[in-house]
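Participant: Data: model22.cif, mmCIF, C-alpha atoms.
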data_final
loop_
_atom_site.label_atom_id
_atom_site.label_comp_id
_atom_site.auth_asym_id
_atom_site.auth_seq_id
_atom_site.Cartn_x
_atom_site.Cartn_y
_atom_site.Cartn_z
CA MET K 1 0.00 0.00 0.00
CA LYS K 2 1.15 3.50 -0.80
CA ARG K 3 2.03 5.60 2.27
CA PRO K 4 -1.06 7.61 3.31
CA SER K 5 -0.73 11.37 3.02
CA ASP K 6 -0.30 13.48 6.15
CA GLU K 7 -3.90 14.63 5.76
CA ILE K 8 -5.13 11.03 5.85
CA LEU K 9 -2.94 10.22 8.86
CA MET K 10 -4.36 13.27 10.61
CA ALA K 11 -7.91 12.24 9.70
CA TYR K 12 -7.12 8.81 11.16
CA ALA K 13 -5.82 10.44 14.36
CA ASP K 14 -8.97 12.58 14.57
CA GLY K 15 -11.33 9.65 13.95
CA GLU K 16 -12.59 11.18 10.72
CA LEU K 17 -12.11 8.12 8.50
CA ASN K 18 -14.76 5.50 7.79
CA GLY K 19 -14.34 1.86 8.82
CA ALA K 20 -12.60 0.63 5.67
CA GLU K 21 -10.24 3.62 5.54
CA THR K 22 -9.41 3.21 9.21
CA ARG K 23 -8.57 -0.47 8.77
CA SER K 24 -6.42 0.31 5.77
CA VAL K 25 -4.41 2.98 7.60
CA ARG K 26 -4.11 0.77 10.67
CA MET K 27 -2.58 -2.01 8.57
CA PHE K 28 -0.10 0.38 7.08
CA LEU K 29 0.87 1.78 10.47
CA ARG K 30 1.96 -1.67 11.69
CA ASN K 31 5.08 -1.51 9.56
CA ASP K 32 5.83 2.19 9.32
CA GLU K 33 7.39 3.91 12.31
CA LEU K 34 7.45 7.33 10.62
CA ALA K 35 3.71 7.19 9.96
CA ARG K 36 3.06 6.11 13.55
CA ARG K 37 5.11 9.05 14.79
CA LYS K 38 3.06 11.41 12.62
CA VAL K 39 -0.18 10.03 14.00
CA ARG K 40 1.15 10.54 17.54
CA MET K 41 2.18 14.07 16.63
CA PHE K 42 -1.32 14.88 15.31
CA ARG K 43 -2.95 13.43 18.43
CA TRP K 44 -0.57 15.35 20.64
CA THR K 45 -1.25 18.66 18.90
CA ALA K 46 -4.99 18.13 19.35
CA LEU K 47 -4.47 17.58 23.07
CA ILE K 48 -2.13 20.49 23.62
CA VAL K 49 -4.30 22.94 21.66
CA ASP K 50 -7.37 21.78 23.57
CA GLU K 51 -5.52 22.22 26.85
CA ALA K 52 -4.08 25.62 25.95
CA THR K 53 -7.48 27.00 25.01
CA GLY K 54 -9.47 25.34 27.77
CA ASP K 55 -7.98 27.11 30.78
CA VAL K 56 -10.85 29.59 31.06
CA ASN K 57 -14.39 28.83 32.19
CA PHE K 58 -16.18 29.97 29.06
CA LYS K 59 -19.58 29.17 30.52
CA VAL K 60 -19.35 31.99 33.03
CA ILE K 61 -20.45 34.77 30.72
CA PRO K 62 -19.45 38.36 31.52
CA GLU K 63 -22.39 40.60 32.25
CA ARG K 64 -21.56 42.96 29.38
CA LEU K 65 -22.24 40.18 26.84
CA VAL K 66 -25.54 39.15 28.40
CA GLU K 67 -26.65 42.78 28.64
CA LEU K 68 -26.40 43.04 24.87
CA PHE K 69 -29.24 40.58 24.56
CA ASP K 70 -31.31 42.05 27.39
CA THR K 71 -31.09 45.47 25.74
CA HIS K 72 -31.81 44.11 22.30
CA VAL K 73 -34.79 42.03 23.41
CA SER K 74 -36.41 45.02 25.04
CA LYS K 75 -35.74 47.16 21.94
CA SER K 76 -37.22 44.58 19.58
CA ASP K 77 -40.18 44.12 21.89
CA ARG K 78 -40.85 47.83 21.72
CA ARG K 79 -41.04 47.71 17.94
CA HIS K 80 -44.05 45.43 18.19
CA LEU K 81 -46.05 47.69 20.50
CA TRP K 82 -49.39 48.82 19.17
CA TRP K 83 -49.69 52.57 18.82
CA PRO K 84 -53.04 54.47 18.53
CA LYS K 85 -53.63 55.92 15.06
CA ASN K 86 -56.82 57.98 15.62
CA LEU K 87 -58.84 59.68 18.39
CA LEU K 88 -61.09 56.69 19.03
CA GLN K 89 -58.14 54.38 19.45
CA LEU K 90 -56.45 57.00 21.61
CA ALA K 91 -59.49 57.20 23.92
CA ALA K 92 -59.67 53.41 24.22
CA ALA K 93 -55.96 53.26 24.89
CA SER K 94 -56.30 55.91 27.61
CA ILE K 95 -58.98 53.89 29.41
CA ILE K 96 -56.89 50.73 29.21
CA LEU K 97 -53.80 52.63 30.31
CA ALA K 98 -55.62 54.09 33.33
CA ALA K 99 -56.73 50.61 34.37
CA VAL K 100 -53.22 49.29 33.96
CA VAL K 101 -51.74 52.14 36.00
CA ILE K 102 -54.17 51.49 38.87
CA TRP K 103 -53.41 47.77 38.73
CA ALA K 104 -49.69 48.33 38.43
CA GLY K 105 -49.77 50.65 41.42
CA VAL K 106 -50.78 47.64 43.44
CA ILE K 107 -48.32 45.12 42.08
CA VAL K 108 -45.32 46.99 40.75
CA ASP K 109 -43.50 47.07 44.06
CA GLN K 110 -43.99 43.42 44.69
CA PRO K 111 -40.99 41.45 43.44
CA MET K 112 -40.94 37.69 43.61
CA ILE K 113 -39.28 37.93 46.99
CA ASP K 114 -39.91 40.76 49.46
CA GLY K 115 -37.39 43.51 50.01
CA LEU K 116 -35.82 43.39 46.55
CA PRO K 117 -35.98 45.46 43.37
CA ALA K 118 -38.99 44.63 41.21
CA ASP K 119 -36.83 43.20 38.43
CA ALA K 120 -34.79 40.84 40.59
CA ASN K 121 -35.28 37.76 42.65
CA PHE K 122 -32.51 38.95 44.90
CA ALA K 123 -29.67 41.46 45.01
CA LEU K 124 -26.23 41.53 46.49
CA GLY K 125 -25.99 43.09 49.93
CA LYS K 126 -27.85 43.11 53.18
CA VAL K 127 -31.18 41.35 53.32
CA GLY K 128 -33.87 43.24 55.18
CA GLU K 129 -34.25 41.76 58.64
CA ALA K 130 -38.01 41.47 58.45
CA SER K 131 -38.18 40.47 54.81
CA LEU K 132 -39.60 37.31 53.39
CA LEU K 133 -36.16 36.52 51.96
CA ALA K 134 -34.54 36.73 55.40
CA ALA K 135 -37.17 34.37 56.75
CA ALA K 136 -36.55 32.06 53.80
CA PHE K 137 -32.80 32.05 54.46
CA GLU K 138 -33.41 31.32 58.11
CA ARG K 139 -35.73 28.44 57.35
CA SER K 140 -33.44 27.10 54.67
CA PHE K 141 -30.52 27.39 57.09
CA ASN K 142 -32.48 25.18 59.41
CA SER K 143 -32.80 22.64 56.62
CA GLU K 144 -36.45 23.39 55.95
CA ARG K 145 -37.75 23.27 52.42
CA VAL K 146 -38.78 26.78 51.42
CA GLU K 147 -41.04 27.70 48.53
CA ILE K 148 -41.85 31.25 47.53
CA GLY K 149 -43.90 32.39 44.56
CA GLY K 150 -43.26 29.31 42.46
CA TYR K 151 -39.60 29.15 43.47
CA ARG K 152 -37.90 26.69 45.75
CA LEU K 153 -34.88 27.58 47.88
CA VAL K 154 -32.60 24.64 48.45
CA GLY K 155 -29.75 24.90 50.95
CA VAL K 156 -26.71 23.36 49.27
CA GLN K 157 -24.04 23.69 51.92
CA ARG K 158 -22.89 25.73 54.91
CA PHE K 159 -19.44 26.93 55.79
CA GLU K 160 -17.55 29.60 57.71
CA ASP K 161 -16.01 32.58 55.96
CA LYS K 162 -12.75 34.25 56.98
CA PHE K 163 -14.58 36.30 59.62
CA GLY K 164 -15.98 33.22 61.24
CA ASP K 165 -19.51 34.02 60.11
CA LEU K 166 -21.69 31.15 59.08
CA CYS K 167 -22.56 31.19 55.42
CA GLN K 168 -25.07 29.35 53.34
CA GLU K 169 -25.09 28.49 49.66
CA LEU K 170 -28.56 28.27 48.19
CA GLU K 171 -29.96 27.27 44.87
CA ILE K 172 -33.18 28.86 43.72
CA THR K 173 -35.07 26.55 41.39
CA THR K 174 -38.55 26.53 39.99
CA ALA K 175 -40.74 24.68 42.44
CA ASN K 176 -42.47 22.34 40.05
CA THR K 177 -39.74 21.24 37.63
CA ALA K 178 -36.31 19.72 37.66
CA MET K 179 -34.90 22.65 35.68
CA PRO K 180 -31.34 23.90 36.30
CA PRO K 181 -31.20 26.44 39.12
CA ALA K 182 -32.56 29.87 38.24
CA ALA K 183 -29.99 31.27 40.63
CA VAL K 184 -27.24 30.37 43.04
CA VAL K 185 -26.85 32.61 46.06
CA VAL K 186 -24.17 32.69 48.72
CA ALA K 187 -25.25 34.51 51.88
CA CYS K 188 -23.52 34.96 55.22
CA ARG K 189 -25.13 35.70 58.57
CA ARG K 190 -23.33 38.73 59.94
CA GLY K 191 -23.04 38.81 63.69
CA HIS K 192 -25.31 35.79 63.77
CA GLN K 193 -28.23 38.07 62.88
CA ASP K 194 -28.56 39.76 59.51
CA TRP K 195 -28.15 37.91 56.23
CA ASP K 196 -25.81 39.45 53.71
CA ILE K 197 -25.82 38.15 50.12
CA VAL K 198 -22.16 38.05 49.13
CA GLY K 199 -22.49 36.25 45.82
CA ALA K 200 -25.23 35.82 43.27
CA LEU K 201 -25.30 33.97 39.97
CA LEU K 202 -28.11 33.65 37.49
CA THR K 203 -28.78 31.08 34.81
CA LYS K 204 -31.33 33.09 32.84
CA PRO K 205 -30.16 36.26 31.13
CA THR K 206 -33.63 37.79 31.17
CA ARG K 207 -33.52 37.75 34.95
CA LEU K 208 -30.07 39.21 35.16
CA HIS K 209 -29.93 41.98 37.66
CA LYS K 210 -27.04 44.40 37.78
CA ALA K 211 -26.33 43.27 41.31
CA ALA K 212 -25.63 39.69 40.26
CA ASP K 213 -22.03 38.57 39.78
CA ALA K 214 -22.37 36.61 36.59
CA TYR K 215 -24.60 34.80 34.20
CA VAL K 216 -23.93 31.08 33.90
CA THR K 217 -25.31 28.73 31.29
CA ASP K 218 -25.86 25.57 33.30
CA ALA K 219 -25.79 24.00 36.72
CA ALA K 220 -22.16 22.84 36.42
CA ALA K 221 -20.97 26.35 35.59
CA ALA K 222 -23.06 27.71 38.44
CA ARG K 223 -21.37 25.29 40.80
CA GLU K 224 -17.91 26.26 39.58
CA ALA K 225 -18.64 29.98 39.82
CA ALA K 226 -20.14 29.54 43.30
CA ASN K 227 -16.96 27.78 44.36
CA GLY K 228 -15.03 30.80 43.11
CA ILE K 229 -17.15 33.11 45.28
CA ILE K 230 -16.69 30.86 48.28
CA ALA K 231 -12.93 30.84 47.75
CA MET K 232 -12.95 34.65 47.47
CA ILE K 233 -14.65 35.19 50.80
CA GLY K 234 -11.90 33.10 52.31
CA ALA K 235 -13.96 30.20 53.53
CA ASP K 236 -11.57 28.03 55.46
CA GLN K 237 -14.15 25.43 56.23
CA ARG K 238 -16.91 23.98 54.16
CA SER K 239 -19.13 21.48 55.83
CA THR K 240 -22.53 19.95 55.72
CA GLY K 241 -25.44 21.46 57.60
CA LEU K 242 -25.26 18.69 60.14
CA GLU K 243 -21.61 19.38 60.94
CA VAL K 244 -22.25 23.12 61.31
CA ASP K 245 -25.12 22.37 63.67
CA ARG K 246 -22.82 20.27 65.82
CA GLN K 247 -20.10 22.96 65.89
CA THR K 248 -22.45 25.76 66.84
CA ARG K 249 -24.16 23.90 69.68
CA MET Y 1 -38.29 33.98 15.60
CA ALA Y 2 -35.91 36.82 16.48
CA VAL Y 3 -36.27 36.16 20.21
CA GLU Y 4 -35.70 32.44 19.66
CA LEU Y 5 -32.57 33.20 17.63
CA GLN Y 6 -31.30 35.47 20.38
CA ARG Y 7 -31.79 32.70 22.94
CA GLU Y 8 -29.81 30.35 20.70
CA MET Y 9 -27.10 32.99 20.41
CA VAL Y 10 -26.89 33.25 24.18
CA ASP Y 11 -26.47 29.47 24.34
CA LEU Y 12 -23.67 29.75 21.79
CA LEU Y 13 -21.74 32.31 23.85
CA PRO Y 14 -19.43 29.80 25.59
CA ARG Y 15 -18.42 28.26 22.24
CA MET Y 16 -17.97 31.65 20.61
CA ARG Y 17 -15.81 32.82 23.51
CA ARG Y 18 -13.55 29.79 23.26
CA PHE Y 19 -13.35 30.12 19.49
CA ALA Y 20 -12.38 33.78 19.80
CA TYR Y 21 -9.96 32.97 22.62
CA THR Y 22 -8.16 30.52 20.33
CA LEU Y 23 -7.85 33.20 17.69
CA THR Y 24 -6.81 36.05 19.96
CA GLY Y 25 -4.95 34.29 22.78
CA SER Y 26 -6.49 36.63 25.36
CA ILE Y 27 -9.85 36.23 27.07
CA GLU Y 28 -10.36 40.00 27.35
CA GLU Y 29 -9.79 40.43 23.65
CA ALA Y 30 -11.92 37.36 22.92
CA ASP Y 31 -14.82 38.90 24.82
CA ASP Y 32 -14.36 42.15 22.88
CA VAL Y 33 -14.53 40.18 19.63
CA VAL Y 34 -17.58 38.22 20.75
CA GLN Y 35 -19.28 41.43 21.88
CA SER Y 36 -18.69 43.05 18.48
CA ALA Y 37 -19.83 39.87 16.74
CA CYS Y 38 -23.05 39.73 18.75
CA GLU Y 39 -23.75 43.40 18.12
CA ARG Y 40 -23.23 42.87 14.40
CA ALA Y 41 -25.36 39.72 14.37
CA LEU Y 42 -28.18 41.34 16.35
CA SER Y 43 -28.27 44.23 13.92
CA ARG Y 44 -28.37 41.84 10.95
CA LEU Y 45 -30.70 39.12 12.19
CA HIS Y 46 -32.76 39.53 9.02
CA GLN Y 47 -29.76 38.30 7.02
CA PHE Y 48 -29.73 34.94 8.78
CA LYS Y 49 -31.23 32.24 6.58
CA PRO Y 50 -33.79 30.14 8.47
CA GLY Y 51 -32.83 26.48 8.34
CA SER Y 52 -29.11 27.16 8.14
CA ARG Y 53 -26.74 26.67 11.05
CA LEU Y 54 -26.65 29.55 13.48
CA ASP Y 55 -23.29 28.46 14.91
CA SER Y 56 -21.67 28.58 11.46
CA TRP Y 57 -23.12 32.03 10.83
CA MET Y 58 -21.94 33.35 14.18
CA PHE Y 59 -18.50 31.78 13.87
CA ARG Y 60 -18.05 33.45 10.50
CA ILE Y 61 -18.89 36.82 12.01
CA VAL Y 62 -16.47 36.18 14.88
CA GLN Y 63 -13.87 35.12 12.32
CA ASN Y 64 -14.32 38.28 10.24
CA ILE Y 65 -14.13 40.57 13.23
CA SER Y 66 -11.13 38.73 14.58
CA ILE Y 67 -9.32 39.00 11.24
CA ASP Y 68 -10.07 42.73 11.06
CA ARG Y 69 -8.64 43.22 14.51
CA MET Y 70 -5.59 41.06 13.81
CA ARG Y 71 -4.83 43.03 10.67
CA LYS Y 72 -5.18 46.31 12.48
CA LYS Y 73 -2.84 45.03 15.14
CA LYS Y 74 -0.35 43.84 12.57
CA ARG Y 75 -0.40 47.25 10.98
CA ARG Y 76 0.53 48.66 14.34
CA ASN Y 77 3.34 46.07 14.56
CA GLU Y 78 1.92 44.68 17.75
CA VAL Y 79 1.56 41.05 16.77
CA ASN Y 80 4.72 40.43 14.80
CA ASP Y 81 6.96 42.44 17.04
CA PRO Y 82 9.38 39.91 18.58
CA GLU Y 83 9.67 42.09 21.66
CA ALA Y 84 5.92 41.89 22.15
CA PHE Y 85 6.16 38.11 22.21
CA GLU Y 86 9.03 38.23 24.64
CA ALA Y 87 6.89 40.44 26.84
CA VAL Y 88 4.03 37.96 26.70
CA GLU Y 89 6.32 35.15 27.72
CA TYR Y 90 7.95 37.25 30.42
CA ASP Y 91 4.56 38.28 31.81
CA ALA Y 92 3.48 34.67 31.83
CA ARG Y 93 6.51 33.80 33.93
CA ILE Y 94 5.94 36.62 36.37
CA HIS Y 95 2.21 36.39 36.80
CA GLU Y 96 1.38 32.77 36.26
CA GLY Y 97 4.45 31.33 37.76
CA THR Y 98 4.15 27.70 36.93
CA GLU Y 99 5.96 26.01 34.11
CA ALA Y 100 2.80 24.29 32.92
CA ARG Y 101 0.98 27.59 32.53
CA LEU Y 102 3.92 29.07 30.74
CA GLU Y 103 3.85 26.19 28.27
CA LEU Y 104 0.15 26.75 27.61
CA ALA Y 105 0.88 30.44 27.05
CA LEU Y 106 3.58 29.41 24.58
CA VAL Y 107 1.12 27.18 22.74
CA ARG Y 108 -1.33 30.09 22.49
CA ALA Y 109 1.49 32.33 21.26
CA GLU Y 110 2.39 29.77 18.59
CA ILE Y 111 -1.25 29.47 17.53
CA SER Y 112 -1.40 33.24 17.10
CA ARG Y 113 1.65 33.06 14.82
CA LEU Y 114 -0.11 30.71 12.41
CA PRO Y 115 -1.62 32.17 9.24
CA GLU Y 116 -5.22 33.31 9.73
CA GLU Y 117 -6.78 30.55 7.64
CA GLN Y 118 -4.91 27.89 9.60
CA GLN Y 119 -5.91 29.42 12.93
CA MET Y 120 -9.56 29.34 11.86
CA VAL Y 121 -9.59 25.70 10.91
CA LEU Y 122 -7.65 24.77 14.05
CA ALA Y 123 -10.15 26.66 16.19
CA LEU Y 124 -13.16 25.07 14.52
CA VAL Y 125 -11.94 21.46 14.41
CA THR Y 126 -9.46 21.01 17.23
CA VAL Y 127 -10.99 23.41 19.71
CA ASP Y 128 -14.69 23.55 18.92
CA GLY Y 129 -14.83 19.89 17.86
CA MET Y 130 -16.48 20.39 14.48
CA SER Y 131 -16.04 17.61 11.92
CA TYR Y 132 -13.96 18.41 8.84
CA GLN Y 133 -17.18 18.62 6.84
CA GLU Y 134 -18.82 21.04 9.28
CA ALA Y 135 -15.71 23.21 9.30
CA ALA Y 136 -15.68 23.20 5.49
CA GLU Y 137 -19.29 24.36 5.43
CA THR Y 138 -18.64 27.05 8.04
CA LEU Y 139 -15.62 28.39 6.16
CA ASP Y 140 -17.23 27.80 2.78
CA VAL Y 141 -14.21 25.91 1.43
CA PRO Y 142 -13.79 22.31 0.17
CA ILE Y 143 -13.12 19.64 2.79
CA GLY Y 144 -9.71 18.95 1.21
CA THR Y 145 -8.73 22.55 1.92
CA VAL Y 146 -9.76 22.15 5.54
CA MET Y 147 -7.62 19.02 5.81
CA SER Y 148 -4.54 20.51 4.22
CA ARG Y 149 -4.77 23.73 6.29
CA LEU Y 150 -5.30 21.76 9.48
CA ALA Y 151 -2.44 19.35 8.81
CA ARG Y 152 -0.10 22.24 8.01
CA ALA Y 153 -1.15 24.11 11.14
CA ARG Y 154 -0.56 21.14 13.38
CA LYS Y 155 2.80 20.27 11.83
CA LYS Y 156 3.95 23.87 12.25
CA LEU Y 157 2.72 23.92 15.81
CA ALA Y 158 4.46 20.65 16.65
CA ALA Y 159 7.71 21.84 15.09
CA ALA Y 160 7.57 25.18 16.89
CA LEU Y 161 6.80 23.60 20.23
CA GLU Y 162 9.46 20.95 19.74
CA ASN Y 163 12.00 23.72 19.40
CA GLY Y 164 10.43 25.78 22.15
CA SER Y 165 9.17 23.75 25.10
CA GLY Y 166 10.85 20.45 24.28
CA ASN Y 167 7.71 18.57 25.20
CA ALA Y 168 6.51 17.70 21.73
CA PRO Y 169 6.77 14.06 20.61
CA LYS Y 170 10.25 13.48 19.20
CA GLN Y 171 12.05 10.23 18.49
CA ASN Y 172 9.83 8.07 20.61
CA GLY Y 173 6.79 10.17 19.81
CA ARG Y 174 5.69 10.62 23.42
CA PRO Y 175 4.88 14.02 24.80
#
I need this file expressed as structure tokens, please.
Facilitator:
Amino acid sequence: MKRPSDEILMAYADGELNGAETRSVRMFLRNDELARRKVRMFRWTALIVDEATGDVNFKVIPERLVELFDTHVSKSDRRHLWWPKNLLQLAAASIILAAVVIWAGVIVDQPMIDGLPADANFALGKVGEASLLAAAFERSFNSERVEIGGYRLVGVQRFEDKFGDLCQELEITTANTAMPPAAVVVACRRGHQDWDIVGALLTKPTRLHKAADAYVTDAAAAREAANGIIAMIGADQRSTGLEVDRQTR
Amino acid sequence: MAVELQREMVDLLPRMRRFAYTLTGSIEEADDVVQSACERALSRLHQFKPGSRLDSWMFRIVQNISIDRMRKKKRRNEVNDPEAFEAVEYDARIHEGTEARLELALVRAEISRLPEEQQMVLALVTVDGMSYQEAAETLDVPIGTVMSRLARARKKLAAALENGSGNAPKQNGRP
């Protein structure tokens, strides 16, 4: 058999040949050291290039990229808005608008979780002491299952940060599905009283709030990014809820 | 349709970032390229042909923007300036510290020295994992061209790294 070209040897190394071609190259390789070396070289280059370009977590998307889509979606949505073209339509629109304003006055300040901006499930920073979210953290910290407005808060783990405060990592998921988490939140209880959200990640760009740290595309990326936050706050101890309970008693 | 496309584009962001990172060798620059590519794509959504592959379309936009930027850089003698490369390697030593990281930085530096068309095919096949056929369709070239560009790129890379890091397969072929 004629020596296969470098391109064919590379295709063999990359698994791009069909069964007959693969067998043919394999037979040739048995007796040709130079060809075997080339195949090893092609495999090695694939590995080293993959390694050299895989040292960044590409799934943790910077906010500036996600914001592009948020902005664009709202712009394109605006283009589809109906606009009154005569007096009759204008009058009808006014009546509808008045009704909407009255209704919105009731609901606009009610985010999914109390004490937060209307466009966010949560925000970085101190959680209002008497808020529903604080109560949810407390209950979750005590290993209770907490559901709020169609969302479920699941306590993932507890640990101590560098100040010795107890912290809790939570996942917020939709209550009725096994969807990836809508958010991952890391909160610490300052002075054993107030909750302070020190890290927040979202998995849906449309829910991205400026106060969140990053947008992540799936649960694995959320986990990795949450670990980064935990490392940043200097947690020297990560433990299960049960272990923390024992230590604090 | 437009909203659905935008959702698909968001899902493509990790792949686009890695593709751009392979071409630029810097994550900050890669994100700049991806940002420009997304802005361009969002403003030209009407040009996307329904039924065709969105990833190919987006990768081509990323490719074009990346080439534009590379050429501008070359004009400013930033890329081909040997001192700039020395600085990259020096910085890698200072800031990253470990030998392994330095080697990866060297690999990225060698990738950035490849001709544009070889970088593209390397990024699509070796990094993104496209088949030769998919890469050919994305780049709009025959599959034979993809194979020859890819083989040349990898041989050049192996030769450069063999001379540089000393870890490339040599006589016994083991890294």
Participant: Once you count only C-alpha atoms, which residues of chain Y turn out to be within 9 Å of chain K? Could you give them as a ChimeraX atom specification?
Facilitator: /Y:2-3,6-7,9-11,13-19,21-22,25,27,31,34-35,38-39,42,101,103-108,111,122-123,126-128,131-132,144,147-148,150-152,154-155,157-158,168-175
Participant: Quick one: pull the distance between atom CA of K:Ala235 and atom CA of K:Trp195, Å, one decimal.
Facilitator: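 Between these atoms lies a distance of 16.4 Å.
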Participant: Nearest to K:Gln193 among K:Ile148, K:Ala134, K:Ala226, K:Leu153, with distances taken over all atoms listed in the file: which residue is it?
Facilitator: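 Counting all atoms listed in the file, the residue closest to K:Gln193 is K:Ala134.
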Participant: Counting all atoms listed in the file, figure out which residue out of Y:Ala159, Y:Ile61, Y:Leu5, Y:Met70 gets nearest to Y:His46.
Facilitator: Y:Leu5
Participant: Interatomic distance between atom CA of K:Ile233 and atom CA of K:Gly128?
Facilitator: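 These atoms are spaced 21.3 Å apart.
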Participant: Measure the distance from atom CA of Y:Val33 to atom CA of Y:Lys73 in Å and round it to one decimal.
Facilitator: 13.4 Å
Participant: Which residue gives the smallest distance to Y:Arg53 among Y:Gln133, Y:Thr138, Y:Ser36, Y:Ser66, with all atoms listed in the file counted?
Facilitator: Y:Thr138
Participant: Check what the PyMOL selection byres ((chain Y and resi 121) around 7) selects in the file above and give those residues as a PDB file with C-alpha atoms, in the frame of the given file.
Facilitator:
ATOM      1  CA  GLU Y 117      -6.780  30.550   7.640  1.00  0.00           C
ATOM      2  CA  GLN Y 118      -4.910  27.890   9.600  1.00  0.00           C
ATOM      3  CA  GLN Y 119      -5.910  29.420  12.930  1.00  0.00           C
ATOM      4  CA  MET Y 120      -9.560  29.340  11.860  1.00  0.00           C
ATOM      5  CA  LEU Y 122      -7.650  24.770  14.050  1.00  0.00           C
ATOM      6  CA  ALA Y 123     -10.150  26.660  16.190  1.00  0.00           C
ATOM      7  CA  LEU Y 124     -13.160  25.070  14.520  1.00  0.00           C
ATOM      8  CA  VAL Y 125     -11.940  21.460  14.410  1.00  0.00           C
ATOM      9  CA  ALA Y 135     -15.710  23.210   9.300  1.00  0.00           C
ATOM     10  CA  VAL Y 146      -9.760  22.150   5.540  1.00  0.00           C
ATOM     11  CA  ARG Y 149      -4.770  23.730   6.290  1.00  0.00           C
ATOM     12  CA  LEU Y 150      -5.300  21.760   9.480  1.00  0.00           C
TER      13      LEU Y 150
END
Participant: Which residue gives the smallest distance to K:Asp196 among K:Val154, K:Gly164, K:Gly228, K:Gly125, with only C-alpha atoms counted?
Facilitator: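 Looking only at the distances to K:Asp196, the closest residue turns out to be K:Gly125.
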Participant: The PyMOL selection byres ((chain K and resi 2) around 12) - which residues does that actually catch in the file I just gave you? List them as a list of chain:residue names.
Facilitator: K:Met1, K:Arg3, K:Pro4, K:Ser5, K:Ile8, K:Ser24, K:Val25, K:Met27, K:Phe28, K:Leu29, K:Asp32, K:Ala35
Participant: Could you list, as a list of chain:residue names, every residue matched by the PyMOL selection byres ((chain Y and resi 56) around 9) in this structure?
Facilitator: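 This file gives the following for the PyMOL selection byres ((chain Y and resi 56) around 9): Y:Ser52, Y:Arg53, Y:Leu54, Y:Asp55, Y:Trp57, Y:Met58, Y:Phe59, Y:Arg60, Y:Ile61, Y:Glu134, Y:Ala135, Y:Glu137, Y:Thr138, Y:Leu139.
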Participant: Please produce stretch 59-68 of chain K, completed to N, CA, C and O atoms, as a short mmCIF file (atom, residue, chain, number, x, y, z; two decimals), in the frame of the given file.
Facilitator:
data_model
loop_
_atom_site.label_atom_id
_atom_site.label_comp_id
_atom_site.auth_asym_id
_atom_site.auth_seq_id
_atom_site.Cartn_x
_atom_site.Cartn_y
_atom_site.Cartn_z
N LYS K 59 -18.14 29.17 30.25
CA LYS K 59 -19.58 29.17 30.52
C LYS K 59 -19.98 30.29 31.46
O LYS K 59 -21.16 30.60 31.58
N VAL K 60 -19.03 30.85 32.17
CA VAL K 60 -19.35 31.99 33.03
C VAL K 60 -19.25 33.25 32.18
O VAL K 60 -18.17 33.76 31.91
N ILE K 61 -20.40 33.69 31.73
CA ILE K 61 -20.45 34.77 30.72
C ILE K 61 -20.37 36.13 31.40
O ILE K 61 -21.15 36.39 32.33
N PRO K 62 -19.49 37.01 30.93
CA PRO K 62 -19.45 38.36 31.52
C PRO K 62 -20.78 39.09 31.30
O PRO K 62 -21.44 38.90 30.28
N GLU K 63 -21.10 39.91 32.27
CA GLU K 63 -22.39 40.60 32.25
C GLU K 63 -22.55 41.44 30.99
O GLU K 63 -23.64 41.54 30.43
N ARG K 64 -21.45 42.04 30.53
CA ARG K 64 -21.56 42.96 29.38
C ARG K 64 -22.08 42.23 28.13
O ARG K 64 -22.76 42.82 27.30
N LEU K 65 -21.75 40.93 28.01
CA LEU K 65 -22.24 40.18 26.84
C LEU K 65 -23.73 39.87 26.98
O LEU K 65 -24.48 39.96 26.02
N VAL K 66 -24.13 39.49 28.19
CA VAL K 66 -25.54 39.15 28.40
C VAL K 66 -26.40 40.40 28.24
O VAL K 66 -27.50 40.35 27.69
N GLU K 67 -25.87 41.53 28.71
CA GLU K 67 -26.65 42.78 28.64
C GLU K 67 -26.99 43.15 27.21
O GLU K 67 -28.03 43.75 26.95
N LEU K 68 -26.12 42.77 26.28
CA LEU K 68 -26.40 43.04 24.87
C LEU K 68 -27.75 42.48 24.47
O LEU K 68 -28.52 43.12 23.77
#
